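Data block below; observations after.
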Amino acid sequence: MPTQAVPEARPRVDSGARAPIHTEVVIIGAGPCGLFQVFELGLLGIGCHVIDSLSMPGGQCAELYPDKPIYDIPALPVCGAQELIERLLQQIKPFNAQFHLGEEVSAICRRPDGRFDMTTAAGTRLDTGAVVIAAGVGSFQPRRLALPGAEAFEGHSILYRVRNAQALSGRRLVIFGGGDSALDWTLELVHTAESLTLVHRRPEFRAAPASVAQMRALEAAGRLRCLEALAHELTSEGGELTGVRVRAADGTLHELPADRLLVFFGLHPKLGPIAEWGLELERKAVRVDTEKFETSVPGIFAVGDVNTYPGKKKLILSGFHEAALAAFAIQHHLYPQKKQFLQYTTTSPAMHKRLGVAES
Ligand code: FAD
């Protein structure tokens with residue numbers, strides 16, 4: 001799959017387990033702050049599961065600006081956004097966090113014993129002692145094809161992500177979009193599709209120039225068709241999608257027979273189910289205190305862009321600080337009898353052991 005490759009430094013990925021998973025902490029969101037939360041908990045010997053609705057870790061950094069340089073990460077004068085994510089994944093590797101990617105957390109229920117039952121839209125169930133919401137600006141949702149009747153075809157004939165490329169082999173495909181996902185899938189699927197038309201609303205593409213050049217070469221060779229047009233109307237027969245009409249810049253309507261429409265109009269964030277969990281919110285952000293970064297529900301913490309408090313600045317640096325303090329608060333929440341003291345990573349034998357750098 002072109003845009004969903006798993007980087008090497010990625011921790012174990014586990015999706016789709018159905019039996020409840022018992023864990024100390026669940027982190028909702030694998031953006032930079034969720035990843036650093038794994039590290040801070042790991043230093044204290046606390047294990048966690050991480051859930052993200054995207055199919056790869058990295059949050060906004062990976063999804064919105066992977067190639068852009070960041071200049072305000074301490075001690076890294078310049079760092080690519082995707083590079084930052086790779087470095088964080090490398091840093092948390094010793095703690096073996098388990099990732100559930102491509103799953104949105106849909107429900108959290110606080111039990112009388114203070115633990116939480118959590119469910120994802122994919123059916124994974126977790127039983128956890130504490131929750132950290134590191135959900136940024138919310139879970140990213142695909143921008144949908146806004147045509148009458150589209151909803152009835154979504155998930156089978158109209159797709160917003162490709163889960164099974166083989167199922168598209170031998171099909172008549174129309175791909176909408178001009179970004180990397182649209183171009184990457186065009187270049188991948190053109191070899192197995194019966195026919196493929198790429199439809200983009202303007203002549204310029206946001207995708208990598210090399211991909212656009214490859215697509216143009218295939219178009220010149222007659223392997224695919226590329227149209228500058230807007231989706232106009234779906235066509236169907238007996239409940240089956242038969243194609244789509246698109247309107248070109250000059251007003252001409254083109255009829256494109258198709259079995260599958262692949263729509264890559266990008267993603268938009270949605271606070272989504274988090275807004276329904278009974279947490280105190282302020283302007284679509286979760287209110288926390290600045291000692292523990294705990295929400296209005298004991299045992300649920302929030303770090304990174306998703307939280308708010310007086311003076312909050314939505315910066316990665318702020319989220320890292322919040323994750324450090326939240327980890328101590330979570331340790332106290334889970335193990336109130338345990339004495340807390342600050343240890344340095346330079347000198348603590350216990351932390352060296354957890355980091356896997358202890359001398360034998
Ligand atoms: P996010 O990165 O938003 O990650 C949250 C994750 O949670 C997402 O992956 C989302 O899919 C997931 N999620 C949400 N809800 C659910 C749910 N219900 N179930 C499962 N998963 C869920 N900051 C800086 O400090 N310096 C910069 O130079 C800088 N440059 C930027 C440039 C751009 C173009 C943009 C857009 C932002 C920039 N930022 C910068 C801001 C920075 O990216 C954010 O502060 C940071 O990403 C916040 O991290 P996070 O982990 O809190 O959330």
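In the structure tokens, chains take letters A, B, ... by order of appearance, with residues numbered from 1 within each chain and ligands from 1 in the order shown.
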Enumerate the residues of range 150-255 of chain A with a DSSP assignment of strand (DSSP E), computed from the backbone, and present them as a JSON list (two decimals) with all heavy atoms, in the first residue's frame.
[["chain", "number", "residue", "atom", "x", "y", "z"],
["A", 158, "ILE", "N", -17.89, 2.89, -3.10],
["A", 158, "ILE", "CA", -17.17, 4.17, -2.94],
["A", 158, "ILE", "C", -16.25, 4.01, -1.74],
["A", 158, "ILE", "O", -16.71, 3.76, -0.62],
["A", 158, "ILE", "CB", -18.15, 5.35, -2.71],
["A", 158, "ILE", "CG1", -19.08, 5.51, -3.92],
["A", 158, "ILE", "CG2", -17.38, 6.64, -2.45],
["A", 158, "ILE", "CD1", -20.10, 6.64, -3.80],
["A", 159, "LEU", "N", -14.94, 4.11, -1.99],
["A", 159, "LEU", "CA", -13.96, 3.85, -0.93],
["A", 159, "LEU", "C", -13.14, 5.10, -0.62],
["A", 159, "LEU", "O", -12.75, 5.83, -1.53],
["A", 159, "LEU", "CB", -13.01, 2.72, -1.37],
["A", 159, "LEU", "CG", -13.67, 1.41, -1.79],
["A", 159, "LEU", "CD1", -12.63, 0.44, -2.34],
["A", 159, "LEU", "CD2", -14.39, 0.76, -0.61],
["A", 172, "ARG", "N", -13.22, -1.56, -13.09],
["A", 172, "ARG", "CA", -13.17, -0.23, -13.73],
["A", 172, "ARG", "C", -13.14, 0.80, -12.61],
["A", 172, "ARG", "O", -14.10, 0.90, -11.84],
["A", 172, "ARG", "CB", -14.39, -0.03, -14.63],
["A", 172, "ARG", "CG", -14.46, -1.06, -15.77],
["A", 172, "ARG", "CD", -15.80, -1.03, -16.44],
["A", 172, "ARG", "NE", -16.87, -1.28, -15.49],
["A", 172, "ARG", "CZ", -18.17, -1.04, -15.72],
["A", 172, "ARG", "NH1", -18.56, -0.56, -16.86],
["A", 172, "ARG", "NH2", -19.07, -1.30, -14.80],
["A", 173, "LEU", "N", -12.03, 1.51, -12.52],
["A", 173, "LEU", "CA", -11.83, 2.40, -11.38],
["A", 173, "LEU", "C", -11.85, 3.86, -11.80],
["A", 173, "LEU", "O", -11.30, 4.22, -12.84],
["A", 173, "LEU", "CB", -10.47, 2.12, -10.71],
["A", 173, "LEU", "CG", -10.18, 0.68, -10.28],
["A", 173, "LEU", "CD1", -8.78, 0.60, -9.66],
["A", 173, "LEU", "CD2", -11.21, 0.19, -9.27],
["A", 174, "VAL", "N", -12.46, 4.69, -10.95],
["A", 174, "VAL", "CA", -12.30, 6.14, -11.08],
["A", 174, "VAL", "C", -11.73, 6.63, -9.76],
["A", 174, "VAL", "O", -12.27, 6.33, -8.69],
["A", 174, "VAL", "CB", -13.64, 6.84, -11.37],
["A", 174, "VAL", "CG1", -13.45, 8.36, -11.36],
["A", 174, "VAL", "CG2", -14.20, 6.39, -12.72],
["A", 175, "ILE", "N", -10.59, 7.31, -9.84],
["A", 175, "ILE", "CA", -9.94, 7.83, -8.63],
["A", 175, "ILE", "C", -10.09, 9.34, -8.62],
["A", 175, "ILE", "O", -9.77, 10.01, -9.60],
["A", 175, "ILE", "CB", -8.45, 7.41, -8.59],
["A", 175, "ILE", "CG1", -8.34, 5.88, -8.52],
["A", 175, "ILE", "CG2", -7.73, 8.07, -7.42],
["A", 175, "ILE", "CD1", -6.93, 5.33, -8.39],
["A", 176, "PHE", "N", -10.56, 9.88, -7.50],
["A", 176, "PHE", "CA", -10.70, 11.34, -7.34],
["A", 176, "PHE", "C", -9.61, 11.86, -6.41],
["A", 176, "PHE", "O", -9.37, 11.27, -5.35],
["A", 176, "PHE", "CB", -12.06, 11.69, -6.72],
["A", 176, "PHE", "CG", -13.22, 11.50, -7.65],
["A", 176, "PHE", "CD1", -13.95, 10.32, -7.66],
["A", 176, "PHE", "CD2", -13.59, 12.52, -8.52],
["A", 176, "PHE", "CE1", -15.02, 10.16, -8.51],
["A", 176, "PHE", "CE2", -14.68, 12.37, -9.38],
["A", 176, "PHE", "CZ", -15.39, 11.18, -9.38],
["A", 195, "SER", "N", -9.79, -0.66, -16.20],
["A", 195, "SER", "CA", -9.59, 0.70, -16.71],
["A", 195, "SER", "C", -9.44, 1.62, -15.51],
["A", 195, "SER", "O", -9.90, 1.30, -14.41],
["A", 195, "SER", "CB", -10.80, 1.14, -17.54],
["A", 195, "SER", "OG", -11.93, 1.25, -16.71],
["A", 196, "LEU", "N", -8.77, 2.74, -15.72],
["A", 196, "LEU", "CA", -8.57, 3.67, -14.60],
["A", 196, "LEU", "C", -8.63, 5.11, -15.11],
["A", 196, "LEU", "O", -7.95, 5.47, -16.08],
["A", 196, "LEU", "CB", -7.23, 3.40, -13.92],
["A", 196, "LEU", "CG", -7.02, 4.09, -12.56],
["A", 196, "LEU", "CD1", -6.06, 3.29, -11.68],
["A", 196, "LEU", "CD2", -6.51, 5.51, -12.68],
["A", 197, "THR", "N", -9.47, 5.91, -14.47],
["A", 197, "THR", "CA", -9.53, 7.34, -14.78],
["A", 197, "THR", "C", -9.23, 8.12, -13.51],
["A", 197, "THR", "O", -9.81, 7.83, -12.45],
["A", 197, "THR", "CB", -10.94, 7.74, -15.28],
["A", 197, "THR", "OG1", -11.28, 6.90, -16.38],
["A", 197, "THR", "CG2", -10.95, 9.20, -15.74],
["A", 198, "LEU", "N", -8.31, 9.05, -13.62],
["A", 198, "LEU", "CA", -8.00, 9.93, -12.48],
["A", 198, "LEU", "C", -8.71, 11.25, -12.72],
["A", 198, "LEU", "O", -8.56, 11.86, -13.79],
["A", 198, "LEU", "CB", -6.48, 10.13, -12.39],
["A", 198, "LEU", "CG", -6.00, 11.12, -11.32],
["A", 198, "LEU", "CD1", -6.31, 10.60, -9.91],
["A", 198, "LEU", "CD2", -4.48, 11.35, -11.46],
["A", 199, "VAL", "N", -9.49, 11.69, -11.74],
["A", 199, "VAL", "CA", -10.23, 12.95, -11.89],
["A", 199, "VAL", "C", -9.74, 13.93, -10.82],
["A", 199, "VAL", "O", -9.76, 13.61, -9.63],
["A", 199, "VAL", "CB", -11.75, 12.72, -11.71],
["A", 199, "VAL", "CG1", -12.51, 14.03, -11.84],
["A", 199, "VAL", "CG2", -12.26, 11.70, -12.72],
["A", 200, "HIS", "N", -9.30, 15.10, -11.29],
["A", 200, "HIS", "CA", -8.84, 16.12, -10.33],
["A", 200, "HIS", "C", -9.44, 17.46, -10.75],
["A", 200, "HIS", "O", -9.57, 17.74, -11.94],
["A", 200, "HIS", "CB", -7.31, 16.17, -10.32],
["A", 200, "HIS", "CG", -6.76, 17.13, -9.31],
["A", 200, "HIS", "ND1", -7.30, 17.27, -8.05],
["A", 200, "HIS", "CD2", -5.70, 17.99, -9.36],
["A", 200, "HIS", "CE1", -6.61, 18.18, -7.38],
["A", 200, "HIS", "NE2", -5.63, 18.64, -8.15],
["A", 225, "ARG", "N", -6.60, 7.43, -18.03],
["A", 225, "ARG", "CA", -7.14, 8.68, -18.49],
["A", 225, "ARG", "C", -7.07, 9.67, -17.33],
["A", 225, "ARG", "O", -7.29, 9.26, -16.17],
["A", 225, "ARG", "CB", -8.59, 8.42, -18.85],
["A", 225, "ARG", "CG", -9.20, 9.41, -19.78],
["A", 225, "ARG", "CD", -10.57, 8.89, -20.19],
["A", 225, "ARG", "NE", -11.32, 9.99, -20.76],
["A", 225, "ARG", "CZ", -12.63, 10.03, -20.85],
["A", 225, "ARG", "NH1", -13.35, 9.00, -20.43],
["A", 225, "ARG", "NH2", -13.23, 11.06, -21.39],
["A", 226, "CYS", "N", -6.74, 10.92, -17.60],
["A", 226, "CYS", "CA", -6.72, 11.92, -16.54],
["A", 226, "CYS", "C", -7.61, 13.08, -16.96],
["A", 226, "CYS", "O", -7.44, 13.64, -18.05],
["A", 226, "CYS", "CB", -5.28, 12.39, -16.30],
["A", 226, "CYS", "SG", -5.19, 13.65, -15.02],
["A", 227, "LEU", "N", -8.58, 13.42, -16.12],
["A", 227, "LEU", "CA", -9.54, 14.48, -16.47],
["A", 227, "LEU", "C", -9.51, 15.59, -15.44],
["A", 227, "LEU", "O", -9.46, 15.31, -14.22],
["A", 227, "LEU", "CB", -10.96, 13.90, -16.48],
["A", 227, "LEU", "CG", -11.40, 13.07, -17.67],
["A", 227, "LEU", "CD1", -12.80, 12.52, -17.40],
["A", 227, "LEU", "CD2", -11.41, 13.92, -18.93],
["A", 228, "GLU", "N", -9.58, 16.83, -15.91],
["A", 228, "GLU", "CA", -9.75, 17.96, -15.00],
["A", 228, "GLU", "C", -11.26, 18.20, -14.91],
["A", 228, "GLU", "O", -11.87, 18.72, -15.86],
["A", 228, "GLU", "CB", -9.03, 19.19, -15.55],
["A", 228, "GLU", "CG", -9.05, 20.36, -14.61],
["A", 228, "GLU", "CD", -8.56, 21.63, -15.27],
["A", 228, "GLU", "OE1", -7.78, 21.54, -16.25],
["A", 228, "GLU", "OE2", -8.98, 22.71, -14.84],
["A", 229, "ALA", "N", -11.84, 17.80, -13.81],
["A", 229, "ALA", "CA", -13.30, 17.84, -13.73],
["A", 229, "ALA", "C", -13.76, 17.73, -12.27],
["A", 229, "ALA", "O", -12.97, 17.40, -11.38],
["A", 229, "ALA", "CB", -13.91, 16.70, -14.54],
["A", 230, "LEU", "N", -15.06, 17.96, -12.09],
["A", 230, "LEU", "CA", -15.67, 17.82, -10.75],
["A", 230, "LEU", "C", -16.72, 16.72, -10.80],
["A", 230, "LEU", "O", -17.44, 16.59, -11.80],
["A", 230, "LEU", "CB", -16.37, 19.13, -10.36],
["A", 230, "LEU", "CG", -15.49, 20.32, -10.04],
["A", 230, "LEU", "CD1", -16.36, 21.56, -9.84],
["A", 230, "LEU", "CD2", -14.66, 20.07, -8.79],
["A", 231, "ALA", "N", -16.84, 15.96, -9.72],
["A", 231, "ALA", "CA", -17.87, 14.93, -9.65],
["A", 231, "ALA", "C", -19.23, 15.61, -9.75],
["A", 231, "ALA", "O", -19.48, 16.63, -9.10],
["A", 231, "ALA", "CB", -17.75, 14.17, -8.35],
["A", 232, "HIS", "N", -20.13, 15.04, -10.57],
["A", 232, "HIS", "CA", -21.42, 15.70, -10.81],
["A", 232, "HIS", "C", -22.59, 14.83, -10.33],
["A", 232, "HIS", "O", -23.49, 15.31, -9.67],
["A", 232, "HIS", "CB", -21.54, 16.01, -12.30],
["A", 232, "HIS", "CG", -22.84, 16.65, -12.66],
["A", 232, "HIS", "ND1", -23.14, 17.94, -12.31],
["A", 232, "HIS", "CD2", -23.93, 16.17, -13.32],
["A", 232, "HIS", "CE1", -24.35, 18.24, -12.74],
["A", 232, "HIS", "NE2", -24.86, 17.18, -13.35],
["A", 233, "GLU", "N", -22.55, 13.54, -10.67],
["A", 233, "GLU", "CA", -23.72, 12.69, -10.40],
["A", 233, "GLU", "C", -23.31, 11.22, -10.47],
["A", 233, "GLU", "O", -22.51, 10.84, -11.33],
["A", 233, "GLU", "CB", -24.75, 12.98, -11.50],
["A", 233, "GLU", "CG", -26.10, 12.40, -11.29],
["A", 233, "GLU", "CD", -27.04, 12.81, -12.45],
["A", 233, "GLU", "OE1", -26.54, 13.14, -13.55],
["A", 233, "GLU", "OE2", -28.24, 12.80, -12.23],
["A", 234, "LEU", "N", -23.89, 10.42, -9.58],
["A", 234, "LEU", "CA", -23.62, 8.98, -9.65],
["A", 234, "LEU", "C", -24.62, 8.33, -10.59],
["A", 234, "LEU", "O", -25.75, 8.81, -10.72],
["A", 234, "LEU", "CB", -23.78, 8.35, -8.26],
["A", 234, "LEU", "CG", -22.83, 8.84, -7.17],
["A", 234, "LEU", "CD1", -23.21, 8.24, -5.82],
["A", 234, "LEU", "CD2", -21.39, 8.47, -7.52],
["A", 235, "THR", "N", -24.21, 7.24, -11.24],
["A", 235, "THR", "CA", -25.17, 6.47, -12.02],
["A", 235, "THR", "C", -25.24, 5.06, -11.42],
["A", 235, "THR", "O", -24.23, 4.52, -10.95],
["A", 235, "THR", "CB", -24.77, 6.38, -13.51],
["A", 235, "THR", "OG1", -23.46, 5.80, -13.59],
["A", 235, "THR", "CG2", -24.76, 7.74, -14.17],
["A", 236, "SER", "N", -26.44, 4.49, -11.41],
["A", 236, "SER", "CA", -26.60, 3.16, -10.83],
["A", 236, "SER", "C", -27.74, 2.43, -11.50],
["A", 236, "SER", "O", -28.59, 3.04, -12.18],
["A", 236, "SER", "CB", -26.86, 3.27, -9.32],
["A", 236, "SER", "OG", -28.06, 3.96, -9.11],
["A", 237, "GLU", "N", -27.75, 1.12, -11.31],
["A", 237, "GLU", "CA", -28.81, 0.30, -11.90],
["A", 237, "GLU", "C", -29.10, -0.84, -10.94],
["A", 237, "GLU", "O", -28.15, -1.55, -10.53],
["A", 237, "GLU", "CB", -28.31, -0.27, -13.25],
["A", 237, "GLU", "CG", -29.41, -0.47, -14.26],
["A", 237, "GLU", "CD", -28.82, -0.95, -15.58],
["A", 237, "GLU", "OE1", -28.16, -0.14, -16.25],
["A", 237, "GLU", "OE2", -28.98, -2.14, -15.88],
["A", 240, "GLU", "N", -26.92, -1.15, -7.91],
["A", 240, "GLU", "CA", -25.46, -1.30, -8.11],
["A", 240, "GLU", "C", -24.91, -0.03, -8.75],
["A", 240, "GLU", "O", -25.53, 0.52, -9.68],
["A", 240, "GLU", "CB", -25.16, -2.46, -9.07],
["A", 240, "GLU", "CG", -25.55, -3.83, -8.57],
["A", 240, "GLU", "CD", -24.60, -4.33, -7.50],
["A", 240, "GLU", "OE1", -23.38, -4.20, -7.71],
["A", 240, "GLU", "OE2", -25.10, -4.81, -6.46],
["A", 241, "LEU", "N", -23.78, 0.40, -8.29],
["A", 241, "LEU", "CA", -23.13, 1.57, -8.90],
["A", 241, "LEU", "C", -22.66, 1.20, -10.31],
["A", 241, "LEU", "O", -22.03, 0.15, -10.51],
["A", 241, "LEU", "CB", -21.92, 1.98, -8.06],
["A", 241, "LEU", "CG", -21.19, 3.23, -8.55],
["A", 241, "LEU", "CD1", -21.91, 4.48, -8.05],
["A", 241, "LEU", "CD2", -19.75, 3.25, -8.06],
["A", 242, "THR", "N", -22.99, 2.04, -11.29],
["A", 242, "THR", "CA", -22.52, 1.75, -12.65],
["A", 242, "THR", "C", -21.52, 2.79, -13.14],
["A", 242, "THR", "O", -20.85, 2.59, -14.15],
["A", 242, "THR", "CB", -23.71, 1.72, -13.65],
["A", 242, "THR", "OG1", -24.44, 2.95, -13.50],
["A", 242, "THR", "CG2", -24.63, 0.54, -13.38],
["A", 243, "GLY", "N", -21.40, 3.91, -12.41],
["A", 243, "GLY", "CA", -20.42, 4.91, -12.83],
["A", 243, "GLY", "C", -20.69, 6.27, -12.24],
["A", 243, "GLY", "O", -21.47, 6.41, -11.28],
["A", 244, "VAL", "N", -20.04, 7.25, -12.82],
["A", 244, "VAL", "CA", -20.17, 8.62, -12.32],
["A", 244, "VAL", "C", -20.09, 9.59, -13.50],
["A", 244, "VAL", "O", -19.36, 9.34, -14.47],
["A", 244, "VAL", "CB", -19.07, 8.90, -11.26],
["A", 244, "VAL", "CG1", -17.66, 8.75, -11.83],
["A", 244, "VAL", "CG2", -19.22, 10.27, -10.63],
["A", 245, "ARG", "N", -20.88, 10.65, -13.40],
["A", 245, "ARG", "CA", -20.76, 11.72, -14.40],
["A", 245, "ARG", "C", -19.91, 12.82, -13.78],
["A", 245, "ARG", "O", -20.12, 13.18, -12.61],
["A", 245, "ARG", "CB", -22.12, 12.30, -14.77],
["A", 245, "ARG", "CG", -22.94, 11.34, -15.59],
["A", 245, "ARG", "CD", -24.16, 12.00, -16.23],
["A", 245, "ARG", "NE", -24.94, 10.93, -16.86],
["A", 245, "ARG", "CZ", -26.00, 10.35, -16.29],
["A", 245, "ARG", "NH1", -26.46, 10.77, -15.14],
["A", 245, "ARG", "NH2", -26.63, 9.35, -16.90],
["A", 246, "VAL", "N", -18.97, 13.33, -14.57],
["A", 246, "VAL", "CA", -18.15, 14.43, -14.06],
["A", 246, "VAL", "C", -18.28, 15.61, -15.01],
["A", 246, "VAL", "O", -18.49, 15.43, -16.22],
["A", 246, "VAL", "CB", -16.66, 14.00, -13.91],
["A", 246, "VAL", "CG1", -16.51, 12.88, -12.91],
["A", 246, "VAL", "CG2", -16.04, 13.61, -15.25],
["A", 247, "ARG", "N", -18.16, 16.82, -14.44],
["A", 247, "ARG", "CA", -18.28, 18.02, -15.28],
["A", 247, "ARG", "C", -16.90, 18.64, -15.45],
["A", 247, "ARG", "O", -16.24, 19.00, -14.46],
["A", 247, "ARG", "CB", -19.24, 19.03, -14.63],
["A", 247, "ARG", "CG", -19.57, 20.18, -15.58],
["A", 247, "ARG", "CD", -20.47, 21.21, -14.92],
["A", 247, "ARG", "NE", -21.84, 20.77, -14.71],
["A", 247, "ARG", "CZ", -22.77, 20.72, -15.68],
["A", 247, "ARG", "NH1", -22.46, 21.05, -16.92],
["A", 247, "ARG", "NH2", -23.99, 20.32, -15.41],
["A", 248, "ALA", "N", -16.47, 18.74, -16.71],
["A", 248, "ALA", "CA", -15.15, 19.30, -17.01],
["A", 248, "ALA", "C", -15.18, 20.82, -16.87],
["A", 248, "ALA", "O", -16.26, 21.43, -16.79],
["A", 248, "ALA", "CB", -14.73, 18.91, -18.43],
["A", 253, "LEU", "N", -20.16, 17.40, -19.85],
["A", 253, "LEU", "CA", -20.36, 16.26, -18.93],
["A", 253, "LEU", "C", -19.73, 15.02, -19.53],
["A", 253, "LEU", "O", -19.93, 14.71, -20.71],
["A", 253, "LEU", "CB", -21.86, 16.03, -18.73],
["A", 253, "LEU", "CG", -22.57, 16.84, -17.65],
["A", 253, "LEU", "CD1", -24.03, 16.41, -17.57],
["A", 253, "LEU", "CD2", -21.90, 16.68, -16.30],
["A", 254, "HIS", "N", -18.95, 14.31, -18.73],
["A", 254, "HIS", "CA", -18.35, 13.04, -19.18],
["A", 254, "HIS", "C", -18.98, 11.91, -18.38],
["A", 254, "HIS", "O", -19.09, 12.01, -17.15],
["A", 254, "HIS", "CB", -16.84, 13.02, -18.92],
["A", 254, "HIS", "CG", -16.08, 14.03, -19.71],
["A", 254, "HIS", "ND1", -15.49, 13.74, -20.92],
["A", 254, "HIS", "CD2", -15.81, 15.33, -19.46],
["A", 254, "HIS", "CE1", -14.88, 14.81, -21.38],
["A", 254, "HIS", "NE2", -15.06, 15.80, -20.51],
["A", 255, "GLU", "N", -19.32, 10.86, -19.05],
["A", 255, "GLU", "CA", -19.90, 9.68, -18.38],
["A", 255, "GLU", "C", -18.76, 8.68, -18.19],
["A", 255, "GLU", "O", -18.16, 8.22, -19.17],
["A", 255, "GLU", "CB", -20.99, 9.10, -19.30],
["A", 255, "GLU", "CG", -21.65, 7.89, -18.75],
["A", 255, "GLU", "CD", -23.11, 8.19, -18.41],
["A", 255, "GLU", "OE1", -23.66, 9.15, -18.97],
["A", 255, "GLU", "OE2", -23.66, 7.47, -17.56]]
- Task: Enumerate as a PyMOL selection string the residues within 8 Å of ligand 1, counting only C-alpha atoms and all ligand atoms.
- Result: chain A and resi 28-35+51-54+56-65+68-73+102-106+120+134-140+269-274+303-306+314-319
- Message: Can you measure CA of Val132 in chain A to CA of Ala326 in chain A for me? One decimal in Å is fine.
- Response: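 Between these atoms lies a distance of 8.4 Å.
Distances to Gly179 in chain A were evaluated for A:Gly266, A:Glu219, A:Leu145, A:Thr295 using only C-alpha atoms, and the minimum falls at A:Gly266.
Excluding range 107-119 of chain A itself and any same-chain residue fewer than 3 positions from it, the protein and nucleic acid residues within 8 Å of it, counting only C-alpha atoms, are Gly123, Thr124, Arg125, Leu126, Asp127, Thr128, Gly129, Ala130, Val131, Pro273, Trp277 and Gly299 of chain A.
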Run DSSP on the backbone and give me the residues of range 134-279 of chain A it puts in alpha helix (DSSP H), as a CSV table (one decimal) with N, CA and C atoms, in the first residue's frame.
chain,number,residue,atom,x,y,z
A,180,ASP,N,-1.0,13.0,-2.7
A,180,ASP,CA,-0.1,11.8,-2.8
A,180,ASP,C,-0.9,10.5,-2.8
A,181,SER,N,-2.0,10.4,-1.9
A,181,SER,CA,-2.8,9.2,-1.9
A,181,SER,C,-3.4,8.9,-3.2
A,182,ALA,N,-4.0,9.9,-3.9
A,182,ALA,CA,-4.6,9.7,-5.2
A,182,ALA,C,-3.6,9.2,-6.2
A,183,LEU,N,-2.5,9.9,-6.2
A,183,LEU,CA,-1.5,9.5,-7.2
A,183,LEU,C,-0.8,8.2,-6.9
A,184,ASP,N,-0.5,7.9,-5.7
A,184,ASP,CA,0.2,6.7,-5.3
A,184,ASP,C,-0.7,5.5,-5.7
A,185,TRP,N,-2.0,5.6,-5.4
A,185,TRP,CA,-2.9,4.5,-5.7
A,185,TRP,C,-3.1,4.4,-7.2
A,186,THR,N,-3.2,5.5,-7.9
A,186,THR,CA,-3.3,5.5,-9.4
A,186,THR,C,-2.1,4.7,-9.9
A,187,LEU,N,-0.9,5.0,-9.5
A,187,LEU,CA,0.3,4.3,-10.0
A,187,LEU,C,0.3,2.8,-9.7
A,188,GLU,N,-0.2,2.5,-8.5
A,188,GLU,CA,-0.3,1.1,-8.1
A,188,GLU,C,-1.3,0.3,-8.8
A,189,LEU,N,-2.5,0.9,-8.9
A,189,LEU,CA,-3.7,0.1,-9.3
A,189,LEU,C,-3.8,0.0,-10.9
A,209,PRO,N,6.1,15.6,-7.4
A,209,PRO,CA,6.2,15.8,-8.9
A,209,PRO,C,6.6,14.5,-9.6
A,210,ALA,N,7.4,13.7,-9.0
A,210,ALA,CA,7.8,12.4,-9.6
A,210,ALA,C,6.6,11.6,-9.9
A,211,SER,N,5.7,11.5,-9.0
A,211,SER,CA,4.5,10.7,-9.2
A,211,SER,C,3.6,11.3,-10.3
A,212,VAL,N,3.5,12.6,-10.3
A,212,VAL,CA,2.7,13.2,-11.4
A,212,VAL,C,3.4,13.0,-12.7
A,213,ALA,N,4.7,13.0,-12.8
A,213,ALA,CA,5.4,12.8,-14.1
A,213,ALA,C,5.1,11.3,-14.5
A,214,GLN,N,5.2,10.4,-13.6
A,214,GLN,CA,4.9,9.0,-13.9
A,214,GLN,C,3.5,8.8,-14.4
A,215,MET,N,2.6,9.5,-13.7
A,215,MET,CA,1.1,9.4,-14.2
A,215,MET,C,1.0,9.9,-15.6
A,216,ARG,N,1.6,11.1,-15.9
A,216,ARG,CA,1.5,11.7,-17.2
A,216,ARG,C,2.1,10.7,-18.2
A,217,ALA,N,3.2,10.1,-17.9
A,217,ALA,CA,3.8,9.1,-18.9
A,217,ALA,C,2.8,8.0,-19.2
A,218,LEU,N,2.1,7.5,-18.1
A,218,LEU,CA,1.2,6.4,-18.3
A,218,LEU,C,0.0,6.9,-19.1
A,219,GLU,N,-0.4,8.2,-18.9
A,219,GLU,CA,-1.5,8.7,-19.7
A,219,GLU,C,-1.1,8.8,-21.1
A,220,ALA,N,0.1,9.3,-21.4
A,220,ALA,CA,0.6,9.4,-22.8
A,220,ALA,C,0.6,8.0,-23.5
- Item | Pick from A:Asn164, A:Ser169, A:Phe99, A:Asp289, whichever lies nearest to Asn307 in chain A using only C-alpha atoms |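 Residue with the minimum atom-to-atom distance to Asn307 in chain A: A:Asp289.
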- So how far away is CA of Ile330 in chain A from CA of Ile46 in chain A, in Å? 9.0 Å
- Query: Which one of A:Leu334, A:Ala208, A:Val190, A:Ala121 sits closest to Gly222 in chain A if you count only C-alpha atoms?
  - Reply: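 With only C-alpha atoms as the atom set, the closest residue is A:Val190.
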- Please identify all polymer residues within 9 Å of Val297 in chain A, counting only C-alpha atoms, omitting same-chain residues fewer than 3 positions from it, and present them as JSON, numbers by chain. {"A": [110, 278, 279, 280, 294, 300, 301]}
